[in-house]
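Heads up, model-v6.tsv below (TSV, C-alpha atoms):
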```tsv
chain	number	residue	atom	x	y	z
L	1	MET	CA	-4.49	-2.77	2.46
L	2	VAL	CA	-5.42	-5.34	-0.14
L	3	THR	CA	-5.74	-8.91	1.07
L	4	SER	CA	-4.94	-11.36	-1.72
L	5	THR	CA	-3.34	-11.81	-5.12
L	6	HIS	CA	-6.71	-12.34	-6.74
L	7	GLU	CA	-8.11	-9.22	-5.12
L	8	THR	CA	-5.17	-7.08	-6.21
L	9	SER	CA	-5.42	-8.16	-9.83
L	10	HIS	CA	-8.88	-6.66	-10.23
L	11	ARG	CA	-9.25	-4.14	-7.38
L	12	ILE	CA	-6.48	-1.97	-8.81
L	13	PHE	CA	-8.89	-1.04	-11.63
L	14	GLN	CA	-11.38	0.41	-9.15
L	15	ASP	CA	-8.85	2.80	-7.62
L	16	HIS	CA	-6.74	3.36	-10.74
L	17	PRO	CA	-8.76	2.96	-13.97
L	18	GLU	CA	-5.78	4.27	-15.96
L	19	VAL	CA	-4.51	0.69	-15.80
L	20	LEU	CA	-7.12	-0.04	-18.49
L	21	THR	CA	-5.12	2.01	-21.00
L	22	PRO	CA	-3.87	-1.06	-22.99
L	23	ALA	CA	-7.45	-2.31	-23.40
L	24	PHE	CA	-8.75	1.11	-24.44
L	25	LYS	CA	-5.97	1.51	-26.99
L	26	ALA	CA	-6.56	-1.94	-28.48
L	27	LEU	CA	-10.29	-1.26	-28.86
L	28	GLY	CA	-9.87	2.24	-30.26
L	29	LEU	CA	-11.64	3.88	-27.32
L	30	PRO	CA	-10.87	7.29	-25.80
L	31	PRO	CA	-8.22	7.04	-23.05
L	32	PRO	CA	-9.57	6.31	-19.55
L	33	ALA	CA	-8.43	9.78	-18.48
L	34	LYS	CA	-11.08	11.27	-20.79
L	35	ALA	CA	-13.90	9.09	-19.48
L	36	ILE	CA	-15.98	9.13	-16.31
L	37	ILE	CA	-15.50	5.75	-14.61
L	38	GLU	CA	-17.30	4.59	-11.49
L	39	ALA	CA	-17.33	1.26	-9.68
L	40	LEU	CA	-20.66	-0.58	-9.42
L	41	THR	CA	-21.64	-3.39	-7.10
L	42	PRO	CA	-20.15	-6.62	-8.44
L	43	ASP	CA	-23.11	-8.65	-7.18
L	44	ALA	CA	-24.71	-10.53	-10.07
L	45	THR	CA	-26.93	-12.71	-7.85
L	46	GLU	CA	-30.62	-13.22	-8.49
L	47	VAL	CA	-31.36	-16.26	-6.31
L	48	LYS	CA	-29.64	-16.14	-2.91
L	49	PRO	CA	-28.56	-19.81	-2.73
L	50	LEU	CA	-26.79	-19.39	-6.08
L	51	GLU	CA	-24.17	-16.75	-5.43
L	52	ARG	CA	-22.39	-15.27	-8.40
L	53	ARG	CA	-20.10	-12.30	-8.06
L	54	VAL	CA	-18.06	-10.53	-10.72
L	55	ASP	CA	-14.66	-9.41	-9.42
L	56	THR	CA	-15.01	-5.76	-10.45
L	57	VAL	CA	-17.65	-3.90	-12.47
L	58	LEU	CA	-17.00	-0.39	-13.79
L	59	LYS	CA	-19.42	1.93	-15.55
L	60	VAL	CA	-17.71	3.98	-18.25
L	61	GLU	CA	-19.02	7.18	-19.79
L	62	PRO	CA	-16.58	8.14	-22.57
L	63	SER	CA	-16.01	11.71	-23.63
L	64	ASP	CA	-17.25	10.61	-27.06
L	65	GLY	CA	-19.76	7.84	-27.72
L	66	ASP	CA	-22.14	5.82	-25.59
L	67	GLY	CA	-21.54	4.43	-22.12
L	68	PHE	CA	-20.75	0.79	-21.36
L	69	LEU	CA	-19.79	-1.54	-18.53
L	70	ILE	CA	-16.47	-3.26	-17.94
L	71	ALA	CA	-16.62	-6.54	-16.01
L	72	ILE	CA	-13.12	-7.48	-14.82
L	73	GLU	CA	-12.14	-11.00	-13.79
L	74	ALA	CA	-8.73	-12.07	-12.46
L	75	GLN	CA	-7.86	-15.55	-13.71
L	76	THR	CA	-4.66	-17.34	-12.71
L	77	ALA	CA	-5.44	-20.73	-14.30
L	78	ARG	CA	-7.96	-22.51	-16.49
L	79	SER	CA	-11.33	-23.27	-14.94
L	80	ARG	CA	-13.78	-25.73	-16.44
L	81	ASP	CA	-16.91	-23.81	-15.38
L	82	LYS	CA	-15.63	-20.27	-15.83
L	83	GLY	CA	-16.87	-19.93	-19.42
L	84	SER	CA	-20.50	-20.45	-18.41
L	85	SER	CA	-20.05	-18.12	-15.40
L	86	TRP	CA	-18.67	-15.37	-17.62
L	87	SER	CA	-21.56	-15.78	-20.06
L	88	TYR	CA	-23.96	-15.40	-17.15
L	89	TYR	CA	-22.21	-12.27	-15.88
L	90	VAL	CA	-22.35	-10.57	-19.28
L	91	ALA	CA	-26.01	-11.45	-19.91
L	92	TYR	CA	-27.10	-10.44	-16.42
L	93	LEU	CA	-25.26	-7.11	-16.38
L	94	HIS	CA	-26.52	-6.25	-19.87
L	95	ALA	CA	-30.10	-6.97	-18.83
L	96	LYS	CA	-29.86	-5.15	-15.49
L	97	PHE	CA	-28.15	-1.94	-16.62
L	98	ARG	CA	-29.25	-1.87	-20.28
L	99	LEU	CA	-25.67	-1.19	-21.34
L	100	PRO	CA	-23.23	-3.19	-23.48
L	101	VAL	CA	-20.63	-5.11	-21.50
L	102	LEU	CA	-16.90	-5.51	-22.10
L	103	LEU	CA	-15.58	-8.55	-20.22
L	104	VAL	CA	-11.88	-8.23	-19.35
L	105	ALA	CA	-9.87	-11.22	-18.08
L	106	VAL	CA	-6.55	-10.50	-16.34
L	107	CYS	CA	-4.04	-13.35	-16.73
L	108	ARG	CA	-0.42	-13.77	-15.60
L	109	ASN	CA	0.70	-16.46	-18.03
L	110	ARG	CA	0.24	-17.14	-21.72
L	111	PRO	CA	-1.51	-20.54	-21.52
L	112	THR	CA	-4.22	-19.11	-19.27
L	113	ALA	CA	-4.48	-15.97	-21.41
L	114	SER	CA	-4.91	-18.04	-24.58
L	115	TRP	CA	-7.67	-20.11	-22.98
L	116	ALA	CA	-9.41	-17.08	-21.45
L	117	ALA	CA	-9.81	-15.43	-24.85
L	118	GLY	CA	-12.47	-18.00	-25.70
L	119	PRO	CA	-14.80	-18.02	-27.47
L	120	PHE	CA	-17.18	-19.69	-24.97
L	121	GLU	CA	-20.31	-20.86	-26.77
L	122	SER	CA	-23.81	-21.96	-25.82
L	123	ARG	CA	-24.67	-24.27	-28.70
L	124	VAL	CA	-27.41	-26.70	-29.64
L	125	GLY	CA	-26.48	-28.79	-32.65
L	126	THR	CA	-25.26	-26.44	-35.33
L	127	TRP	CA	-26.97	-23.40	-33.79
L	128	THR	CA	-25.02	-21.10	-31.47
L	129	THR	CA	-27.31	-19.09	-29.20
L	130	GLN	CA	-24.66	-17.15	-27.32
L	131	VAL	CA	-20.94	-16.48	-27.69
L	132	THR	CA	-18.77	-14.90	-24.97
L	133	ARG	CA	-15.36	-13.51	-25.95
L	134	PRO	CA	-13.40	-11.86	-23.13
L	135	PHE	CA	-10.77	-9.23	-23.83
L	136	VAL	CA	-7.59	-10.54	-22.19
L	137	LEU	CA	-4.99	-8.40	-20.46
L	138	GLY	CA	-1.91	-10.58	-20.17
L	139	PRO	CA	1.80	-10.90	-20.96
L	140	ASP	CA	1.28	-10.35	-24.69
L	141	ASN	CA	-0.44	-6.94	-24.52
L	142	VAL	CA	0.57	-5.44	-21.17
L	143	PRO	CA	3.99	-3.83	-21.77
L	144	GLU	CA	6.93	-4.81	-19.58
L	145	ILE	CA	8.55	-2.04	-17.57
L	146	THR	CA	11.94	-1.35	-19.17
L	147	ASP	CA	12.44	2.24	-17.99
L	148	GLU	CA	12.38	3.34	-14.37
L	149	SER	CA	10.93	6.71	-15.41
L	150	VAL	CA	7.70	4.90	-16.31
L	151	VAL	CA	7.37	3.90	-12.67
L	152	THR	CA	7.57	7.54	-11.64
L	153	ARG	CA	5.07	8.73	-14.26
L	154	GLU	CA	2.62	5.81	-14.16
L	155	PRO	CA	3.01	3.88	-10.89
L	156	ALA	CA	-0.35	2.11	-11.24
L	157	LEU	CA	0.45	0.77	-14.71
L	158	ALA	CA	3.96	-0.19	-13.58
L	159	THR	CA	2.60	-2.08	-10.58
L	160	PHE	CA	-0.01	-3.85	-12.69
L	161	SER	CA	2.60	-4.74	-15.32
L	162	ALA	CA	4.89	-6.25	-12.68
L	163	ILE	CA	2.02	-8.44	-11.45
L	164	VAL	CA	1.00	-9.55	-14.95
L	165	HIS	CA	4.61	-10.46	-15.83
L	166	SER	CA	5.38	-12.03	-12.46
L	167	GLU	CA	5.62	-15.53	-13.96
L	168	SER	CA	7.93	-14.54	-16.83
L	169	GLU	CA	11.69	-15.04	-17.03
L	170	ASN	CA	12.16	-11.28	-16.90
L	171	ALA	CA	10.24	-10.87	-13.65
L	172	PRO	CA	13.31	-10.23	-11.41
L	173	ALA	CA	14.63	-7.58	-13.81
L	174	ILE	CA	11.20	-5.93	-14.04
L	175	LEU	CA	10.92	-5.79	-10.26
L	176	GLY	CA	14.41	-4.32	-10.06
L	177	MET	CA	13.35	-1.60	-12.49
L	178	VAL	CA	10.24	-0.88	-10.42
L	179	ALA	CA	12.32	-0.63	-7.26
L	180	ARG	CA	14.75	1.80	-8.88
L	181	GLY	CA	11.84	3.89	-10.15
L	182	MET	CA	10.61	4.31	-6.60
L	183	ARG	CA	13.57	6.52	-5.80
L	184	SER	CA	11.40	9.58	-6.46
L	185	PHE	CA	8.54	8.51	-4.16
L	186	ASP	CA	7.92	9.96	-0.75
L	187	LYS	CA	7.37	7.64	2.21
L	188	ALA	CA	3.58	7.40	1.94
L	189	THR	CA	3.58	6.85	-1.84
L	190	ALA	CA	6.32	4.22	-1.67
L	191	LYS	CA	4.50	2.37	1.10
L	192	TYR	CA	1.23	2.45	-0.84
L	193	TRP	CA	2.58	0.98	-4.08
L	194	CYS	CA	4.89	-1.52	-2.40
L	195	GLU	CA	1.96	-2.97	-0.49
L	196	TRP	CA	-0.07	-3.32	-3.68
L	197	LEU	CA	2.80	-5.09	-5.37
L	198	GLU	CA	3.78	-7.32	-2.46
L	199	VAL	CA	0.24	-8.65	-2.12
L	200	GLY	CA	-0.16	-8.93	-5.88
L	201	LEU	CA	2.89	-11.21	-5.94
L	202	GLU	CA	1.69	-13.27	-2.98
L	203	ASP	CA	1.65	-16.70	-4.61
L	204	THR	CA	4.36	-16.15	-7.22
L	205	PRO	CA	8.00	-17.32	-7.24
L	206	VAL	CA	9.28	-13.71	-7.20
L	207	ARG	CA	7.45	-12.52	-4.10
L	208	GLU	CA	10.54	-13.06	-1.93
L	209	THR	CA	12.66	-11.25	-4.51
L	210	TRP	CA	10.38	-8.26	-4.18
L	211	ARG	CA	10.48	-8.41	-0.39
L	212	GLU	CA	14.26	-8.15	-0.58
L	213	LEU	CA	13.97	-5.28	-3.05
L	214	GLU	CA	11.65	-3.41	-0.70
L	215	LYS	CA	14.46	-3.39	1.85
L	216	MET	CA	17.10	-2.60	-0.73
L	217	VAL	CA	15.25	0.48	-1.93
L	218	ALA	CA	16.36	2.15	1.29
L	219	THR	CA	19.93	2.37	0.07
L	220	TYR	CA	18.83	4.66	-2.75
L	221	PHE	CA	17.41	7.21	-0.32
L	222	PRO	CA	20.12	8.01	2.25
L	223	GLY	CA	18.90	10.52	4.78
L	224	ARG	CA	15.42	10.94	3.28
L	225	GLY	CA	13.59	9.08	6.04
L	226	THR	CA	11.61	6.79	3.77
L	227	LEU	CA	9.71	3.72	4.96
L	228	PHE	CA	12.42	1.53	3.54
L	229	GLU	CA	15.27	3.44	5.13
L	230	GLU	CA	13.56	3.09	8.49
L	231	THR	CA	13.27	-0.66	7.97
L	232	TYR	CA	16.79	-0.95	6.64
L	233	LEU	CA	18.36	0.89	9.54
L	234	GLU	CA	16.30	-0.90	12.17
L	235	GLY	CA	18.67	-2.19	14.81
L	236	LYS	CA	21.28	0.47	13.95
L	237	ALA	CA	19.72	3.08	16.29
L	238	GLU	CA	22.48	2.79	18.85
L	239	GLY	CA	25.09	3.77	16.32
L	240	ILE	CA	22.98	6.70	15.13
L	241	VAL	CA	22.35	8.03	18.61
L	242	GLU	CA	26.02	7.87	19.49
L	243	GLY	CA	26.98	9.49	16.21
L	244	LYS	CA	29.02	6.57	14.98
L	245	ALA	CA	28.90	7.44	11.30
L	246	GLU	CA	31.50	4.84	10.41
L	247	GLY	CA	29.45	2.15	12.10
L	248	ILE	CA	26.34	3.22	10.22
L	249	VAL	CA	28.08	2.96	6.85
L	250	GLU	CA	29.45	-0.43	7.80
L	251	GLY	CA	25.97	-1.57	8.79
L	252	LYS	CA	24.55	-0.42	5.47
L	253	ALA	CA	27.30	-2.26	3.59
L	254	GLU	CA	26.59	-5.44	5.52
L	255	GLY	CA	22.90	-5.10	4.75
L	256	LYS	CA	23.52	-4.57	1.05
L	257	ALA	CA	25.81	-7.58	0.90
L	258	GLU	CA	23.14	-9.71	2.57
L	259	PHE	CA	20.56	-8.61	-0.02
L	260	ILE	CA	22.91	-9.52	-2.89
L	261	LEU	CA	23.57	-12.96	-1.46
L	262	SER	CA	19.86	-13.50	-0.87
L	263	VAL	CA	18.91	-12.59	-4.46
L	264	LEU	CA	21.59	-14.87	-5.91
L	265	GLU	CA	20.47	-17.73	-3.68
L	266	LYS	CA	16.80	-17.35	-4.62
L	267	ARG	CA	17.74	-17.24	-8.31
L	268	GLY	CA	19.69	-20.50	-7.94
L	269	ILE	CA	23.08	-18.99	-8.77
L	270	ASN	CA	26.03	-20.78	-7.17
L	271	LEU	CA	28.47	-18.44	-5.42
L	272	PRO	CA	32.07	-19.65	-4.91
L	273	ARG	CA	33.65	-18.87	-1.56
L	274	ASP	CA	36.10	-16.30	-2.93
L	275	LEU	CA	33.32	-14.31	-4.60
L	276	ARG	CA	31.13	-14.53	-1.50
L	277	ASP	CA	33.99	-13.12	0.56
L	278	ARG	CA	34.50	-10.37	-2.00
L	279	ILE	CA	30.89	-9.27	-1.55
L	280	THR	CA	30.72	-9.55	2.21
L	281	THR	CA	34.00	-7.67	2.80
L	282	CYS	CA	33.20	-4.80	0.43
L	283	THR	CA	32.42	-1.50	2.21
L	284	ASP	CA	31.88	0.74	-0.82
L	285	LEU	CA	28.13	1.40	-1.03
L	286	ASP	CA	28.17	2.43	-4.72
L	287	THR	CA	29.95	-0.78	-5.68
L	288	LEU	CA	27.53	-2.88	-3.66
L	289	THR	CA	24.59	-1.10	-5.31
L	290	LEU	CA	26.05	-1.88	-8.74
L	291	TRP	CA	26.48	-5.54	-7.80
L	292	PHE	CA	22.91	-5.70	-6.52
L	293	ASP	CA	21.52	-4.27	-9.78
L	294	ARG	CA	23.50	-6.88	-11.71
L	295	SER	CA	22.33	-9.70	-9.42
L	296	LEU	CA	18.77	-9.23	-10.70
L	297	THR	CA	19.69	-10.28	-14.24
L	298	ALA	CA	22.96	-12.21	-13.80
L	299	THR	CA	23.12	-15.81	-14.99
L	300	THR	CA	26.38	-16.57	-13.18
L	301	ALA	CA	28.07	-15.09	-10.11
L	302	GLU	CA	30.88	-13.77	-12.30
L	303	ASP	CA	28.41	-11.50	-14.12
L	304	LEU	CA	28.40	-9.23	-11.06
L	305	PHE	CA	32.05	-8.28	-11.56
L	306	VAL	CA	32.25	-7.79	-15.32
L	307	GLU	CA	34.45	-4.91	-16.60
L	308	GLU	CA	35.41	-3.51	-13.24
```
Could you spell out this file's structure in structure tokens?
Amino acid sequence: MVTSTHETSHRIFQDHPEVLTPAFKALGLPPPAKAIIEALTPDATEVKPLERRVDTVLKVEPSDGDGFLIAIEAQTARSRDKGSSWSYYVAYLHAKFRLPVLLVAVCRNRPTASWAAGPFESRVGTWTTQVTRPFVLGPDNVPEITDESVVTREPALATFSAIVHSESENAPAILGMVARGMRSFDKATAKYWCEWLEVGLEDTPVRETWRELEKMVATYFPGRGTLFEETYLEGKAEGIVEGKAEGIVEGKAEGKAEFILSVLEKRGINLPRDLRDRITTCTDLDTLTLWFDRSLTATTAEDLFVEE
């Protein structure tokens, strides 16, 4: 289990190098799937009191061409000293491994991404001795997830995309798409990717939205025994044991209604009493699922009930 947002933003490359596909495409390199990629120690320390550590370092051996290193840094905001640190990382890794280095900065918002692109220069007078220019993976070149089938085919890229776009206006809709795409996952796979995403969203405004979606996913998998269904039906065991099917359906409806109200509240959408009652008294699971999907992108409470 990953332990922090920062860790998730770079560690995902170690386990799933296919996430580098946008960078490889932009640089005209063979796809990651056709290259041998291995993680190296990120330690770039020479003198013990001065600790310097690159987030993730990968050694790449393409199917065509010469090998190189990728140094990956997760950056959530500007940092005054980061330019000099990055220059050090590149110079040290190049000297140690005798391989060219591609520095990749992962950013979640455009201002940070623009700054991270550099260039960062070491200059004396008019003479520039060294220039460091990171390749930035951010909102402008990591595609948003607009099709739930992408989640099924490329869960690592979908998870990474959701993290990169977590500060955008479309974040709730993207997360909703990811959740719907998880309908095809088995219990272990769903648990694995949801944990990556939940931790990756740890300090973002949409983390709670995703936590609600994790529970809501259960309603897409009736009877399949997924992690989410177990969580969703927790506390309903008595009704199951006694065979009270009607009570189970009612419990699911209540749970769905609670999720809808929670999403609307977190998105700052005012819900009049009559519409709140309409949601909480509804027992049709398909209708509640439709309303939940709409709650992720609605701008007013009325948007949930359009053209019914």
Just how far from atom CA of Phe160 of chain L is atom CA of Thr297 of chain L, in Å to one decimal?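 If I compute the distance from atom CA of Thr297 of chain L to atom CA of Phe160 of chain L, I get 20.8 Å.
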Contacts of segment 67-69 of chain L at 6 Å or less, counting all atoms listed in the file, minus same-chain residues fewer than 2 places along, as JSON, numbers by chain? {"L": [58, 59, 60, 61, 99, 100, 101]}
Can you write out the residues you just picked, keeping C-alpha atoms, as an mmCIF file, in the coordinates of the input?
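part_30.cif written:
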```cif
data_model
loop_
_atom_site.group_PDB
_atom_site.id
_atom_site.type_symbol
_atom_site.label_atom_id
_atom_site.label_comp_id
_atom_site.auth_asym_id
_atom_site.auth_seq_id
_atom_site.Cartn_x
_atom_site.Cartn_y
_atom_site.Cartn_z
ATOM 1 C CA LEU L 58 -17.000 -0.390 -13.790
ATOM 2 C CA LYS L 59 -19.420 1.930 -15.550
ATOM 3 C CA VAL L 60 -17.710 3.980 -18.250
ATOM 4 C CA GLU L 61 -19.020 7.180 -19.790
ATOM 5 C CA LEU L 99 -25.670 -1.190 -21.340
ATOM 6 C CA PRO L 100 -23.230 -3.190 -23.480
ATOM 7 C CA VAL L 101 -20.630 -5.110 -21.500
#
```
If you count all atoms listed in the file, which residues fall within 9 Å of segment 256-270 of chain L, apart from same-chain ones fewer than 3 positions away, as a PyMOL selection string? chain L and resi 172+206+208-209+212-213+215-216+219+251-253+276+279-282+285+288-289+291-293+295-296+298-301
Find the residues with any atom within 7 Å of (-20.7, -18.4, -29.6); use all atoms listed in the file and the coordinates as given in the file, and write the answer as a list in words.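 Collected hits near the coordinates: Pro119, Phe120, Glu121, Ser122, Thr128, Thr129, Gln130, Val131 and Thr132 of chain L.
Across the model, the gap from atom CA of Leu271 of chain L to atom CA of Trp210 of chain L is 20.8 Å.
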One decimal, Å: what's the distance from atom CA of Val164 of chain L over to atom CA of Ala105 of chain L, could you say? 11.4 Å
Which residue of L:Arg108, L:Arg123, L:Arg294, L:Lys96 approaches Gly176 of chain L most closely, using all atoms listed in the file: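 Among the listed residues, the smallest separation from Gly176 of chain L belongs to L:Arg294.
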Among the residues L:Gln75, L:Thr204, L:Thr189, L:Ser149, the one that comes closest to Pro111 of chain L [using only C-alpha atoms]: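 The answer is L:Gln75, which sits nearest to Pro111 of chain L.
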When you count all atoms listed in the file, which of these residues is closest to Pro62 of chain L: L:Pro32, L:Pro22, L:Gly200, L:Gly138?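 Selected residue with least distance to Pro62 of chain L: L:Pro32.
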